[in-house]
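The structure appears right after this line, and notes come after that.
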Amino acid sequence: MIDNISDTPTASPFCELKPERFNIEPFTMVIFGGTGDLSRRKLLPTLYHLCHDQNLPDEYSIIAFASSTRTDEEYRDLVKESVEKFDEGPFHEACWENFSRHLFYVSGNFDDVESYKKLSGRIEEIARPASGGKREVIYYLAVPPHFLPDIFERLSFCKLCSGRFEARLIVEKPFGHDRASAAALNGLIAKTFEERQIYRIDHYLGKETVQNLLFFRFANSIFEPLWNRRYIDHVQITVAESIGIENRARFYEKAGVVRDIVQNHMMQLLALIAMEPPIGFEADHIRNEKVKVYRTIRGMDGAYIDKYAVRGQYGAGSINGMDVSGYRNEKDIAPDSRTPTFFAGKFFIDNWRWADVPFYLRTGKRMKKRVTEISIHFKQPPLRLFKSICEIREPNLLVLGVQPHEEIVLHIGVKHPGIGNQLYPVNMGFNYEKDLQGEVHFPLPYERLLLDCMKGDQTLFARQDGIEAMWAIVDPIIERWDNTDAPEFPNYVSGSWGPDDADRLLEEDGRQWRIA
Ligand code: BG6
């Protein structure tokens with residue numbers, strides 16, 4: 001296949017790329033669980049990175065709140081270690097000196113009122129008021145979900161979110177474990193925080209290429225007229241991971257693939273592809289449209305789920321030449337575990353734009369390689385003019401690569417040069433890395449999301465009704481699978497593309513997975 005039919009595009013010569021700067025008010029971020037895995041691997045290296053790129057204001061403080069006893073100095077040592085280990089760029093001593101002065105530590109228990117009083121005193125002592133006179137405090141809850149009720153209650157009781165404090169709250173997933181628990185959690189938060197203060201994080205929305213889905217669809221006029229049931233045959237979304245569950249057995253045994261990936265990351269991708277044009281780029285305009293998509297996804301009963309949803313669990317196999325063990329042999333996993341690590345399913349969105357267009361979703365651990373991709377499969381031309389002479393009949397296809405290849409590729413058919421009449425498939429493409437190399441910086445998801453929270457922009461965060469609507473879609477699947485016999489697990493080999501039933505799901509419709 002010919003790769004590109006013309007030179008790859010570069011940034012327009014008329015368009016000067018200037019780094020964007022934002023005016024961020026002085027703030028204090030309190031990280032609950034500031035010594036935990038997420039903090040050490042992601043949050044603290046990201047904050048350091050933001051400091052290095054001069055995206056933080058002169059005045060800010062980061063206070064870790066966790067149970068172990070340590071001094072500020074000891075905490076700084078721990079953060080330094082994490083930054084050196086997990087930040088992808090080179091370590092800069094001068095930048096570190098600057099950053100570390102902003103780090104503090106408070107030891108305390110999440111259920112102990114006295115600890116919150118201590119925290120409150122420390123914030124008063126350290127934090128500088130923003131221009132409005134209040135102290136802007138961002139509470140980042142990087143803790144397992146069972147701590148959340150205690151934390152909300154104590155924050156409210158100790159007046160850490162009102163009066164002298166202007167608070168925002170960042171909550172990590174999982175947000176509840178079904179619709180009812182998510183609604184209960186939302187109700188609990190609502191006692192202390194207004195919706196405008198709540199940032200429910202989904203790191204997928206921080207990915208450049210995921211944000212680009214909106215730009216691609218609504219900043220160009222050529223695709224939107226085709227973006228409907230008249231021209232689109234079906235859509236495929238694949239989120240394949242080659243890693244297993246790593247050391248998250250306790251979490252994963254309870255969660256499984258549907259709670260871990262489908263309810264959040266995949267539903268976000270689906271909504272960005274399927275939503276109607278928002279009336280503006282403000283957070284609520286976009287979130288309104290996404291919620292409408294969730295509410296129009298066809299409800300699933302037991303018979304539908306048995307027919308159109310496929311579960312799988314990985315067995316031993318080999319990935320990139322390395323032997324890996326099966327799920328049931330992972331550390332701390334029950335030898336007869338029924339937890340699914342693979343999901344494939346057919347969804348319909350019952351509205352005017354998408355009626356009867358299937359959306360095939362597939363995700364799994366320990367698959368052949370790491371790839372996240374959306375492919376839009378257009379219908380065949382109405383008349384097959386070239387039917388009799390052409391062996392390759394590939395309909396137009398638009399591939400939106402999220403990772404590892406961040407690209408947009410349009411597959412089209414052209415005449416192969418020569419005296420014959422051969423139709424030939426070629427690609428027209430834009431690749432972020434190749435085409436903009438050196439000209440732009442790719443922020444990591446957390447960089448973008450933390451900055452947005454500091455700026456007070458909720459566009460890339462889930463709203464309460466969105467979260468509950470996403471749960472309402474997947475709850476019946478989880479329930480059905482909990483209450484019916486699983487297929488013989490393991491039913492796919494590590495390093496494959498999942499169980500055979502996932503292939504059959506498409507074959508029965510005369511289609512196949514693009515990546516297979
Ligand atoms: C997380 C899931 O939300 O996303 C993990 O809990 C998964 O199980 C991860 O591995 C995938 O994220 P990414 O950015 O590596 O695709």
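Labels used: A, B, ... for chains in the order of the structure tokens, numbers from 1 for residues in each chain, and numbers from 1 for ligands as shown.
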
Checklist line | Expected selection as a ChimeraX atom specification for ligand 1 within 7 Å, only C-alpha atoms and all ligand atoms | finding: /A:203-204,241,245,260-261

Preceding selection exported with all heavy atoms as a PDB file, in the first residue's frame:
```pdb
ATOM      1  N   HIS A 203      -8.404  10.595  32.814  1.00  0.00           N
ATOM      2  CA  HIS A 203      -7.168  11.045  32.164  1.00  0.00           C
ATOM      3  C   HIS A 203      -7.218  10.903  30.639  1.00  0.00           C
ATOM      4  O   HIS A 203      -6.477  11.554  29.931  1.00  0.00           O
ATOM      5  CB  HIS A 203      -5.941  10.340  32.753  1.00  0.00           C
ATOM      6  CG  HIS A 203      -5.711   8.957  32.226  1.00  0.00           C
ATOM      7  ND1 HIS A 203      -6.413   7.871  32.667  1.00  0.00           N
ATOM      8  CD2 HIS A 203      -4.879   8.486  31.284  1.00  0.00           C
ATOM      9  CE1 HIS A 203      -6.013   6.798  32.020  1.00  0.00           C
ATOM     10  NE2 HIS A 203      -5.079   7.141  31.169  1.00  0.00           N
ATOM     11  N   TYR A 204      -8.173  10.075  30.128  1.00  0.00           N
ATOM     12  CA  TYR A 204      -8.296   9.961  28.670  1.00  0.00           C
ATOM     13  C   TYR A 204      -8.627  11.303  28.029  1.00  0.00           C
ATOM     14  O   TYR A 204      -8.205  11.602  26.929  1.00  0.00           O
ATOM     15  CB  TYR A 204      -9.368   8.921  28.307  1.00  0.00           C
ATOM     16  CG  TYR A 204      -8.731   7.687  27.723  1.00  0.00           C
ATOM     17  CD1 TYR A 204      -7.876   6.919  28.503  1.00  0.00           C
ATOM     18  CD2 TYR A 204      -8.948   7.314  26.404  1.00  0.00           C
ATOM     19  CE1 TYR A 204      -7.247   5.808  27.977  1.00  0.00           C
ATOM     20  CE2 TYR A 204      -8.329   6.205  25.872  1.00  0.00           C
ATOM     21  CZ  TYR A 204      -7.475   5.464  26.658  1.00  0.00           C
ATOM     22  OH  TYR A 204      -6.841   4.371  26.134  1.00  0.00           O
ATOM     23  N   GLU A 241      -4.701  -3.049  25.412  1.00  0.00           N
ATOM     24  CA  GLU A 241      -3.502  -2.868  26.237  1.00  0.00           C
ATOM     25  C   GLU A 241      -2.691  -4.147  26.202  1.00  0.00           C
ATOM     26  O   GLU A 241      -3.256  -5.248  26.202  1.00  0.00           O
ATOM     27  CB  GLU A 241      -3.898  -2.600  27.685  1.00  0.00           C
ATOM     28  CG  GLU A 241      -4.670  -1.323  27.871  1.00  0.00           C
ATOM     29  CD  GLU A 241      -4.829  -1.029  29.350  1.00  0.00           C
ATOM     30  OE1 GLU A 241      -3.920  -0.426  29.918  1.00  0.00           O
ATOM     31  OE2 GLU A 241      -5.843  -1.444  29.927  1.00  0.00           O
ATOM     32  N   ILE A 245      -2.612  -6.774  34.711  1.00  0.00           N
ATOM     33  CA  ILE A 245      -3.184  -5.923  35.750  1.00  0.00           C
ATOM     34  C   ILE A 245      -2.102  -5.361  36.656  1.00  0.00           C
ATOM     35  O   ILE A 245      -2.380  -4.680  37.637  1.00  0.00           O
ATOM     36  CB  ILE A 245      -4.220  -6.686  36.594  1.00  0.00           C
ATOM     37  CG1 ILE A 245      -3.605  -7.988  37.080  1.00  0.00           C
ATOM     38  CG2 ILE A 245      -5.480  -6.934  35.800  1.00  0.00           C
ATOM     39  CD1 ILE A 245      -4.277  -8.489  38.314  1.00  0.00           C
ATOM     40  N   ASP A 260     -13.515  -0.638  34.725  1.00  0.00           N
ATOM     41  CA  ASP A 260     -12.199  -0.002  34.622  1.00  0.00           C
ATOM     42  C   ASP A 260     -12.058   0.853  33.359  1.00  0.00           C
ATOM     43  O   ASP A 260     -11.472   1.928  33.400  1.00  0.00           O
ATOM     44  CB  ASP A 260     -11.117  -1.104  34.640  1.00  0.00           C
ATOM     45  CG  ASP A 260      -9.719  -0.526  34.783  1.00  0.00           C
ATOM     46  OD1 ASP A 260      -9.576   0.487  35.494  1.00  0.00           O
ATOM     47  OD2 ASP A 260      -8.775  -1.081  34.189  1.00  0.00           O
ATOM     48  N   ILE A 261     -12.586   0.392  32.251  1.00  0.00           N
ATOM     49  CA  ILE A 261     -12.327   1.080  30.973  1.00  0.00           C
ATOM     50  C   ILE A 261     -13.605   1.474  30.227  1.00  0.00           C
ATOM     51  O   ILE A 261     -13.701   2.556  29.669  1.00  0.00           O
ATOM     52  CB  ILE A 261     -11.479   0.180  30.028  1.00  0.00           C
ATOM     53  CG1 ILE A 261     -10.165  -0.230  30.692  1.00  0.00           C
ATOM     54  CG2 ILE A 261     -11.245   0.851  28.686  1.00  0.00           C
ATOM     55  CD1 ILE A 261      -9.049   0.758  30.626  1.00  0.00           C
TER      56      ILE A 261
END
```

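For Ile349 in chain A, the residues within 7 Å (counting only C-alpha atoms, excluding itself and residues fewer than 2 positions away along the chain) are A:Thr296, A:Ile297, A:Arg298, A:Phe347, A:Asn351, A:Trp354, A:Ala355.
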
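You will find CA of Glu208 in chain A at 11.0 Å from CA of Leu449 in chain A.
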
Check: Which residues come within 6 Å of range 319-332 of chain A, counting only C-alpha atoms, excluding same-chain residues fewer than 4 positions away, as a ChimeraX atom specification?
Finding: /A:249,314-315,495

Margin query: What's around Arg362 in chain A at 10 Å? Count only C-alpha atoms, leave out sequence neighbours fewer than 4 positions away in its own chain, and write the answer as a list in words.
Written below: Gln236, Ile237, Thr238, Val239, Ala240, Val262, Met266, Ala309, Val310, Arg311, Phe342, Phe343, Ala344, Gly345, Lys346, Thr372, Trp497, Gly498, Ala502 and Trp513 of chain A

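In this structure, CA of Val137 in chain A sits 6.3 Å away from CA of Arg168 in chain A.
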
Next item on the list: With a distance cut-off of 12 Å and only C-alpha atoms, select the neighbouring residues of range 290-294 of chain A, excluding the residue or stretch itself and same-chain residues fewer than 4 positions from it, and output the selection as a ChimeraX atom specification.
Entry: /A:214,263-264,266-278,283-286,298-299,347-354,459-474

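With distances restricted to only C-alpha atoms, A:His411 is the closest residue to Ser375 in chain A from A:Arg338, A:His411, A:Lys191, A:His146.
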